[in-house]
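Asker: File follows, my_file_22.cif with mmCIF, C-alpha atoms:
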data_my_file
#
loop_
_atom_site.label_atom_id
_atom_site.label_comp_id
_atom_site.auth_asym_id
_atom_site.auth_seq_id
_atom_site.Cartn_x
_atom_site.Cartn_y
_atom_site.Cartn_z
CA MET A 7 -46.03 84.16 -102.49
CA LYS A 8 -42.75 82.32 -102.53
CA GLN A 9 -42.33 83.02 -106.24
CA ILE A 10 -43.15 86.70 -105.71
CA PHE A 11 -40.52 86.87 -102.96
CA ILE A 12 -37.89 85.24 -105.18
CA ASN A 13 -38.74 87.58 -108.04
CA SER A 14 -38.46 90.57 -105.70
CA ILE A 15 -35.01 89.48 -104.51
CA PHE A 16 -33.90 88.97 -108.11
CA PHE A 17 -35.22 92.39 -109.08
CA LEU A 18 -33.47 94.16 -106.21
CA SER A 19 -30.19 92.38 -106.92
CA ALA A 20 -30.40 93.28 -110.60
CA LEU A 21 -31.24 96.87 -109.70
CA PHE A 22 -28.21 97.06 -107.40
CA LEU A 23 -25.84 95.77 -110.09
CA PHE A 24 -27.45 98.02 -112.68
CA SER A 25 -27.11 101.10 -110.50
CA ASN A 26 -23.43 100.40 -109.84
CA SER A 27 -22.66 100.20 -113.54
CA VAL A 28 -24.96 103.01 -114.71
CA PHE A 29 -23.79 105.58 -112.18
CA ALA A 30 -20.09 104.90 -112.78
CA GLU A 31 -19.57 108.26 -114.44
CA GLU A 32 -17.18 109.33 -117.17
CA LEU A 33 -15.91 112.67 -115.95
CA TRP A 34 -13.78 113.26 -119.06
CA LYS A 35 -13.07 111.27 -122.20
CA SER A 36 -11.01 111.79 -125.34
CA GLY A 37 -10.95 109.21 -128.12
CA MET A 38 -10.90 105.52 -127.30
CA ASN A 39 -8.10 105.47 -124.72
CA LEU A 40 -8.08 108.63 -122.61
CA TYR A 41 -10.45 109.03 -119.68
CA ILE A 42 -11.06 110.14 -116.12
CA LYS A 43 -13.97 108.20 -114.61
CA THR A 44 -15.43 106.84 -111.41
CA THR A 45 -15.31 103.14 -110.59
CA ASP A 46 -16.02 100.80 -107.69
CA GLN A 47 -13.41 100.91 -104.94
CA ASP A 48 -10.98 98.00 -104.99
CA ARG A 49 -9.92 96.08 -101.88
CA TYR A 50 -6.81 96.47 -99.75
CA ALA A 51 -4.26 93.66 -99.48
CA ASP A 52 -5.95 92.28 -96.35
CA GLY A 53 -9.30 92.14 -98.13
CA GLN A 54 -10.77 95.09 -96.26
CA ASN A 55 -12.70 97.93 -97.81
CA ILE A 56 -11.90 101.11 -95.87
CA PRO A 57 -14.45 103.73 -97.00
CA ASN A 58 -13.05 106.70 -98.86
CA GLN A 59 -13.59 110.20 -97.53
CA HIS A 60 -16.01 111.02 -100.35
CA PRO A 61 -17.70 113.29 -101.18
CA VAL A 62 -15.09 115.92 -100.42
CA SER A 63 -14.45 119.43 -101.70
CA LEU A 64 -10.90 120.12 -102.94
CA ASN A 65 -9.44 123.11 -104.76
CA PRO A 66 -8.52 122.08 -108.34
CA THR A 67 -5.59 124.52 -108.36
CA HIS A 68 -4.19 122.94 -105.21
CA ILE A 69 -4.43 119.48 -106.79
CA ARG A 70 -2.76 120.70 -109.98
CA ASN A 71 0.12 122.32 -108.10
CA ALA A 72 0.57 119.26 -105.87
CA LEU A 73 0.79 116.96 -108.90
CA ASN A 74 3.25 119.31 -110.61
CA ASN A 75 5.50 118.85 -107.57
CA ILE A 76 5.94 115.06 -107.89
CA TYR A 77 9.40 114.47 -109.36
CA ILE A 78 11.41 111.37 -110.20
CA TRP A 79 15.04 110.94 -111.18
CA ASN A 80 15.22 109.71 -114.75
CA LYS A 81 18.71 108.32 -114.25
CA SER A 82 20.20 106.04 -111.64
CA PHE A 83 21.80 107.86 -108.73
CA PHE A 84 25.14 106.30 -109.67
CA THR A 85 25.16 107.43 -113.30
CA GLY A 86 25.64 110.86 -114.76
CA ALA A 87 25.84 114.22 -113.03
CA LEU A 88 23.01 115.45 -110.85
CA LYS A 89 21.30 118.31 -112.66
CA ASP A 90 17.84 119.76 -112.35
CA ASN A 91 17.04 118.66 -115.90
CA GLU A 92 17.64 115.04 -114.90
CA ALA A 93 14.57 115.19 -112.69
CA GLU A 94 11.21 114.97 -114.41
CA THR A 95 7.65 115.29 -113.24
CA VAL A 96 5.43 112.24 -113.10
CA PHE A 97 2.63 114.32 -114.64
CA SER A 98 2.95 116.84 -117.44
CA GLN A 99 1.41 120.27 -116.91
CA GLU A 100 -1.57 119.33 -119.08
CA GLN A 101 -2.07 116.03 -117.23
CA ALA A 102 -1.91 117.84 -113.89
CA ARG A 103 -4.42 120.42 -115.12
CA LEU A 104 -6.88 117.77 -116.29
CA LEU A 105 -6.55 115.79 -113.08
CA GLY A 106 -6.85 118.92 -110.96
CA ASN A 107 -10.12 119.90 -112.59
CA TYR A 108 -11.76 116.49 -112.90
CA LEU A 109 -10.59 114.93 -109.63
CA ALA A 110 -11.99 117.96 -107.79
CA ALA A 111 -15.30 117.61 -109.63
CA GLY A 112 -15.37 113.84 -109.24
CA PHE A 113 -14.62 113.80 -105.53
CA GLN A 114 -17.56 116.12 -104.91
CA LYS A 115 -19.90 113.52 -106.46
CA ALA A 116 -18.21 110.23 -105.57
CA SER A 117 -19.48 107.97 -102.82
CA PRO A 118 -17.23 106.44 -100.12
CA SER A 119 -17.19 103.19 -102.13
CA GLU A 120 -15.94 104.78 -105.37
CA ASP A 121 -12.48 105.56 -106.74
CA ILE A 122 -11.51 107.57 -109.80
CA LEU A 123 -9.51 105.96 -112.62
CA PHE A 124 -7.52 107.87 -115.21
CA ALA A 125 -5.62 107.22 -118.43
CA LEU A 126 -3.76 110.22 -119.85
CA THR A 127 -1.20 110.81 -122.55
CA ARG A 128 1.70 113.10 -123.31
CA ARG A 129 4.39 113.48 -125.94
CA LYS A 130 7.97 112.74 -124.93
CA LYS A 131 11.31 112.92 -126.65
CA GLY A 132 11.98 109.68 -128.47
CA PHE A 133 14.73 108.26 -130.66
CA LEU A 134 16.61 110.64 -132.98
CA PHE A 135 14.62 113.75 -132.08
CA THR A 136 11.27 112.05 -132.63
CA LYS A 137 8.29 112.45 -130.32
CA ASP A 138 6.62 109.41 -128.78
CA THR A 139 3.08 109.23 -127.44
CA THR A 140 3.06 107.69 -123.96
CA TYR A 141 0.26 106.75 -121.59
CA THR A 142 0.12 107.11 -117.81
CA THR A 143 -2.70 105.48 -115.87
CA GLY A 144 -3.74 105.30 -112.24
CA ARG A 145 -6.33 105.25 -109.49
CA ALA A 146 -7.19 108.18 -107.20
CA PHE A 147 -9.15 108.46 -103.95
CA TYR A 148 -9.27 110.64 -100.85
CA VAL A 149 -8.90 109.06 -97.41
CA ASN A 150 -7.53 110.20 -94.02
CA ASP A 151 -7.47 113.80 -95.27
CA LYS A 152 -5.00 112.90 -98.02
CA LEU A 153 -5.19 112.48 -101.77
CA ASN A 154 -4.02 108.98 -102.70
CA ILE A 155 -2.83 108.17 -106.21
CA ILE A 156 -1.68 104.71 -107.28
CA ILE A 157 0.19 104.61 -110.58
CA GLY A 158 -0.77 101.68 -112.79
CA GLU A 159 1.36 102.28 -115.88
CA PHE A 160 3.83 105.09 -116.44
CA ASP A 161 4.85 106.47 -119.82
CA ARG A 162 3.74 103.31 -121.60
CA LEU A 163 4.51 103.52 -125.29
CA GLY A 164 1.82 102.87 -127.86
CA ASP A 165 2.18 99.96 -130.28
CA LYS A 166 3.48 101.77 -133.38
CA PHE A 167 3.45 98.68 -135.58
CA LYS A 168 -0.14 97.86 -134.74
CA GLU A 169 -1.16 101.49 -135.15
CA ARG A 170 0.40 101.60 -138.62
CA ALA A 171 -1.28 98.34 -139.57
CA TYR A 172 -4.66 99.65 -138.44
CA ALA A 173 -4.07 102.99 -140.18
CA SER A 174 -3.41 101.21 -143.48
CA SER A 175 -6.84 99.61 -143.07
CA GLY A 176 -8.48 102.99 -142.57
CA ILE A 177 -8.78 102.71 -138.77
CA SER A 178 -7.50 105.89 -137.15
CA GLU A 179 -7.26 104.68 -133.54
CA ILE A 180 -6.84 101.38 -131.73
CA GLN A 181 -8.05 100.66 -128.22
CA TYR A 182 -5.56 99.67 -125.52
CA SER A 183 -6.16 97.69 -122.35
CA PHE A 184 -4.62 99.50 -119.37
CA LYS A 185 -3.80 98.60 -115.78
CA ASN A 186 -4.95 101.32 -113.40
CA GLY A 187 -3.15 100.35 -110.20
CA LYS A 188 -4.43 98.42 -107.19
CA ARG A 189 -4.36 98.76 -103.43
CA ALA A 190 -3.53 95.08 -103.02
CA LYS A 191 -0.68 94.77 -105.51
CA ARG A 192 2.28 96.93 -106.39
CA SER A 193 2.54 97.97 -110.02
CA GLY A 194 5.68 98.06 -112.15
CA PHE A 195 6.28 101.74 -111.32
CA LYS A 196 9.47 101.71 -109.22
CA LYS A 197 10.98 105.10 -109.94
CA ALA A 198 12.94 107.04 -107.32
CA ILE A 199 10.54 109.68 -105.99
CA ILE A 200 11.88 113.00 -104.67
CA ILE A 201 10.13 113.36 -101.32
CA THR A 202 9.11 116.87 -100.31
CA ASP A 203 6.66 118.50 -97.91
CA GLY A 204 3.14 117.25 -98.45
CA LEU A 205 4.26 114.18 -100.40
CA SER A 206 5.03 110.70 -99.17
CA THR A 207 4.70 107.14 -100.42
CA LYS A 208 2.56 104.43 -98.85
CA SER A 209 4.13 101.84 -96.57
CA VAL A 210 2.40 98.45 -96.73
CA ASN A 211 3.53 95.71 -94.35
CA GLY A 212 6.79 97.56 -93.77
CA LYS A 213 7.54 97.86 -97.49
CA ASN A 214 7.56 101.14 -99.37
CA ARG A 215 5.12 101.39 -102.29
CA THR A 216 6.75 103.92 -104.63
CA ASP A 217 3.75 103.55 -106.95
CA TRP A 218 1.37 104.84 -104.25
CA PHE A 219 1.52 108.59 -103.53
CA VAL A 220 -0.03 110.05 -100.38
CA ILE A 221 -0.49 113.79 -100.77
CA ASP A 222 -1.40 116.60 -98.37
CA VAL A 223 -2.88 118.71 -101.16
CA LYS A 224 -2.59 122.17 -99.58
CA LEU A 225 0.90 121.64 -98.24
CA ALA A 226 2.21 120.09 -101.47
CA SER A 227 0.66 122.94 -103.47
CA ALA A 228 2.33 125.53 -101.25
CA ALA A 229 5.67 123.70 -101.53
CA PHE A 230 5.38 123.78 -105.32
CA LEU A 231 4.68 127.52 -105.37
CA ALA A 232 7.48 128.26 -102.92
CA GLU A 233 10.01 126.49 -105.13
CA GLN A 234 9.03 128.24 -108.34
CA GLU A 235 11.17 131.22 -109.22
CA GLY A 236 9.21 134.17 -107.94
CA GLY A 237 6.47 131.83 -106.75
CA ASP A 238 4.32 132.86 -103.84
CA PRO A 239 2.42 130.26 -101.79
CA THR A 240 0.09 133.02 -100.62
CA ASP A 241 -1.44 132.98 -104.12
CA THR A 242 -3.68 130.08 -103.14
CA ILE A 243 -2.86 129.27 -99.50
CA ASP A 244 -4.19 131.41 -96.66
CA ASN A 245 -2.69 129.42 -93.78
CA GLU A 246 0.43 130.97 -92.23
CA ASN A 247 1.77 127.63 -90.92
CA ILE A 248 1.47 126.05 -94.36
CA ARG A 249 3.26 129.00 -95.97
CA LYS A 250 6.14 128.64 -93.50
CA GLU A 251 6.33 124.88 -94.08
CA ALA A 252 6.35 125.45 -97.84
CA ALA A 253 9.26 127.90 -97.66
CA LYS A 254 11.15 125.51 -95.41
CA SER A 255 10.48 122.61 -97.79
CA ALA A 256 11.78 124.55 -100.79
CA GLN A 257 15.02 125.35 -98.96
CA GLU A 258 15.41 121.74 -97.81
CA ARG A 259 14.99 120.47 -101.35
CA ARG A 260 17.68 122.82 -102.64
CA GLU A 261 19.99 121.64 -99.86
CA MET A 262 19.12 118.02 -100.63
CA ARG A 263 20.17 118.44 -104.26
CA LEU A 264 23.51 119.88 -103.19
CA GLU A 265 23.97 117.03 -100.71
CA MET A 266 23.12 114.45 -103.36
CA ALA A 267 25.65 115.98 -105.74
CA ARG A 268 28.32 115.92 -103.02
CA LEU A 269 27.62 112.33 -102.00
CA ARG A 270 27.53 111.12 -105.59
CA LYS A 271 30.90 112.76 -106.22
CA GLU A 272 32.32 111.00 -103.17
CA MET A 273 30.91 107.66 -104.33
CA LYS A 274 32.51 108.09 -107.76
CA GLN A 275 35.84 109.06 -106.21
CA SER A 276 35.62 105.96 -104.04
CA GLN A 277 35.03 103.83 -107.12
CA LYS A 278 38.06 105.31 -108.90
CA GLY A 279 40.33 105.03 -105.89
CA ALA A 280 38.90 102.20 -103.84
CA GLU A 281 42.26 101.71 -102.10
CA ASN A 282 41.85 105.14 -100.48
CA SER A 283 38.45 104.34 -99.03
CA SER A 284 37.73 101.30 -96.88
CA LEU A 285 34.82 98.99 -97.61
CA GLU A 286 33.31 100.02 -94.29
CA GLU A 287 33.37 103.72 -95.24
CA ARG A 288 31.78 103.02 -98.61
CA LEU A 289 29.07 100.89 -97.04
CA LYS A 290 28.35 103.65 -94.51
CA LYS A 291 27.95 106.21 -97.29
CA LEU A 292 25.68 103.83 -99.14
CA GLN A 293 23.57 103.29 -96.03
CA SER A 294 23.36 107.06 -95.56
CA LEU A 295 22.01 107.49 -99.09
CA LYS A 296 19.36 104.87 -98.45
CA GLU A 297 18.29 106.35 -95.11
CA LYS A 298 17.90 109.78 -96.70
CA LYS A 299 15.81 108.17 -99.48
CA MET A 300 18.22 109.44 -102.10
CA ILE A 301 18.46 106.02 -103.75
CA THR A 302 15.95 103.23 -104.19
CA ASN A 303 16.13 99.91 -102.34
CA GLU A 304 17.03 98.25 -105.64
CA GLU A 305 19.96 100.63 -106.21
CA TYR A 306 21.10 100.10 -102.61
CA GLU A 307 21.10 96.30 -102.89
CA ALA A 308 22.85 96.30 -106.26
CA LYS A 309 25.61 98.67 -105.09
CA ARG A 310 26.01 96.81 -101.77
CA LYS A 311 26.58 93.53 -103.61
CA GLU A 312 29.11 95.25 -105.88
CA ILE A 313 31.08 96.60 -102.91
CA LEU A 314 31.01 93.30 -101.01
CA SER A 315 32.18 91.42 -104.09
CA GLU A 316 35.56 93.12 -103.68
CA ILE A 317 36.24 91.28 -100.42
#
Take the structure I supplied and represent it as C-alpha cells, if you would.
Answerer:
Amino acid sequence: MKQIFINSIFFLSALFLFSNSVFAEELWKSGMNLYIKTTDQDRYADGQNIPNQHPVSLNPTHIRNALNNIYIWNKSFFTGALKDNEAETVFSQEQARLLGNYLAAGFQKASPSEDILFALTRRKKGFLFTKDTTYTTGRAFYVNDKLNIIIGEFDRLGDKFKERAYASSGISEIQYSFKNGKRAKRSGFKKAIIITDGLSTKSVNGKNRTDWFVIDVKLASAAFLAEQEGGDPTDTIDNENIRKEAAKSAQERREMRLEMARLRKEMKQSQKGAENSSLEERLKKLQSLKEKKMITNEEYEAKRKEILSEI
C-alpha cells in the first residue's frame, strides 16, 4: 500500500509538471526566433504571485491602437530640436497588429497563473542607408483591469557576423536567446516614455519602472484615435466619458510638446549665457522638467551635476 501511495504521488506530480509544459501554447510563431506564447507567471519582487485577471475578453483593435500610442524620445532632451519625427513608437504598426490579435486571443484562454511572452522583429534605418533587423521582446498580462507589458529587450540587433558565418555553412537562420522581462527585476529598457491618457509606468518601491507599461486599453486606444489627423475615437469607443478624455489627452499632448520645445530653448539659452541665469533658476527649470516627466531621472541627475559643478 505504501508503495502504491508513493507511486500515486509521483504520478500526480509528473502529471502536473507535464500539463504545465504541454498546455503552454504557442499562439503565433515565425521561424526560430519570433513568437507569441503563453508561459507560467513569474513572481513579483516580494516573492508573491498575484493572480492575473485571466481569462479576459479584450478588443484586438483597442490593444493595437493602445500600443501604437506608446512613444519614446529617441534623443536626449538636451540634444537637438524637438520635432515630432524625433519621437518613435515602441512598437511598429505590424508588431502592434500582431500583439493586438494574439494577446486578445491568448487572454481569452490563459489562466490566472499564465503570462504571455513575445519576441517580434522590425526593420530600422541603419548605417549609411542600410536596414537593420531588430528584435523587441516582452511579457504581457492583464491585472487590475489594466494591460501590463514589461519590455525585456528593445530593438536588439542581430549578430550579423554570426549570421554570415552560418549562412556560408548553408544554415539560413540562427536561434537567439532572449530576455522577456520580469516583474522582479528591471530590464535595460530605460527610454523616456511620453505619458498620455491611458498609459502609465509601474512604480515599484517608490521607483519608476520605465520598462513596465500599465495600459487602460480603451482609454489609450481612444487617445490614439483622437490624436490622429482626422481620427475619430467613436470608431471603436462607445463611451462618452472616454471620448471626452481622449480629446482632452490629445490637446494636452500637443501643448506638452510646445512646452517642451519652449523649456528646451530656455535651457540652451541658459547654457550659452550662464551669467544671465542664476544657478538657482537653472536648477528650478531642471526640477520642473523632471516633475513634468519630460526628462528621465538619469538625464536630471547628469544635468544637475553639470550645473552644480560650476559653483
Asker: Can you translate the PyMOL selection byres ((chain A and resi 199) around 8) into the concrete residues it hits in this file, as a ChimeraX atom specification?
Answerer: /A:76-79,197-198,200-201,216
Asker: Suppose you want the space between atom CA of Leu123 of chain A and atom CA of Ser227 of chain A; what is it in Å?
Answerer: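 Separation between atom CA of Leu123 of chain A and atom CA of Ser227 of chain A: 21.8 Å.
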Asker: Work out how far atom CA of Glu297 of chain A is from atom CA of Arg310 of chain A, in Å to one decimal.
Answerer: 14.0 Å
Asker: Report the residues retrieved by the PyMOL selection byres ((chain A and resi 46-54) around 10) from the displayed file, expressed as a short mmCIF file (atom, residue, chain, number, x, y, z; two decimals) with C-alpha atoms, keeping the file's coordinate frame.
Answerer:
data_model
loop_
_atom_site.label_atom_id
_atom_site.label_comp_id
_atom_site.auth_asym_id
_atom_site.auth_seq_id
_atom_site.Cartn_x
_atom_site.Cartn_y
_atom_site.Cartn_z
CA ASN A 26 -23.43 100.40 -109.84
CA SER A 27 -22.66 100.20 -113.54
CA ALA A 30 -20.09 104.90 -112.78
CA THR A 44 -15.43 106.84 -111.41
CA THR A 45 -15.31 103.14 -110.59
CA ASN A 55 -12.70 97.93 -97.81
CA ILE A 56 -11.90 101.11 -95.87
CA PRO A 57 -14.45 103.73 -97.00
CA ASN A 58 -13.05 106.70 -98.86
CA ALA A 116 -18.21 110.23 -105.57
CA SER A 117 -19.48 107.97 -102.82
CA PRO A 118 -17.23 106.44 -100.12
CA SER A 119 -17.19 103.19 -102.13
CA GLU A 120 -15.94 104.78 -105.37
CA ASP A 121 -12.48 105.56 -106.74
CA ILE A 122 -11.51 107.57 -109.80
CA LEU A 123 -9.51 105.96 -112.62
CA ARG A 145 -6.33 105.25 -109.49
CA ALA A 146 -7.19 108.18 -107.20
CA PHE A 147 -9.15 108.46 -103.95
CA GLY A 187 -3.15 100.35 -110.20
CA LYS A 188 -4.43 98.42 -107.19
CA ARG A 189 -4.36 98.76 -103.43
CA ALA A 190 -3.53 95.08 -103.02
CA LYS A 191 -0.68 94.77 -105.51
CA VAL A 210 2.40 98.45 -96.73
CA ASN A 211 3.53 95.71 -94.35
#
Asker: Taking into account all atoms listed in the file, which residue in the set A:Met38, A:Ala72, A:Ile301, A:Leu314 is nearest to Arg288 of chain A?
Answerer: A:Leu314
Asker: Measure the distance from atom CA of Gln114 of chain A to atom CA of Lys208 of chain A in Å and round it to one decimal.
Answerer: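 Computed distance, atom CA of Gln114 of chain A to atom CA of Lys208 of chain A, equals 24.0 Å.
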Asker: Can you pull out every residue within 6 Å of Phe124 of chain A, counting all atoms listed in the file, but drop anything in the same chain fewer than 2 positions away, and send it as a list of chain:residue names?
Answerer: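 Neighbouring residues, sequence-local ones excluded: A:Tyr41, A:Ile42, A:Thr143, A:Gly144.
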Asker: Check the smallest atom-to-atom distance from each of A:Ser209, A:Asn71, A:Ser63, A:Gln101 to Lys115 of chain A using all atoms listed in the file, then report the winner.
Answerer: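 Nearest candidate to Lys115 of chain A out of A:Ser209, A:Asn71, A:Ser63, A:Gln101: A:Ser63.
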Asker: Looking at all atoms listed in the file, which of A:Thr302, A:Ser315, A:Gln293, A:Thr136 is the one that sits closest to Lys196 of chain A?
Answerer: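 Of all the options, A:Thr302 lies closest to Lys196 of chain A.
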Asker: Emit as lines of an AutoDock Vina configuration file the padded axis-aligned box for all listed atoms of segment 66-79 of chain A, 5 Å per side, with centre and edge lengths in Å to one decimal.
Answerer:
center_x = 3.3
center_y = 117.7
center_z = -108.2
size_x = 33.6
size_y = 23.6
size_z = 16.0
Asker: Starting from the PyMOL selection byres ((chain A and resi 182) around 10), expand the selection into actual residues of this file and give them as a list in words.
Answerer: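 Taken over the shown coordinates, the PyMOL selection byres ((chain A and resi 182) around 10) returns Met38, Asn39, Leu40, Tyr141, Gly164, Asp165, Glu179, Ile180, Gln181, Ser183, Phe184 and Lys185 of chain A.
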Asker: From the options A:Ala173, A:Ile156, A:Leu205, A:Leu163, which residue's atoms come nearest to Trp218 of chain A, counting all atoms listed in the file?
Answerer: A:Ile156
Asker: Which one of A:Tyr306, A:Leu289, A:Leu104, A:Lys166 sits closest to Leu33 of chain A if you count all atoms listed in the file?
Answerer: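 Counting all atoms listed in the file, the residue closest to Leu33 of chain A is A:Leu104.
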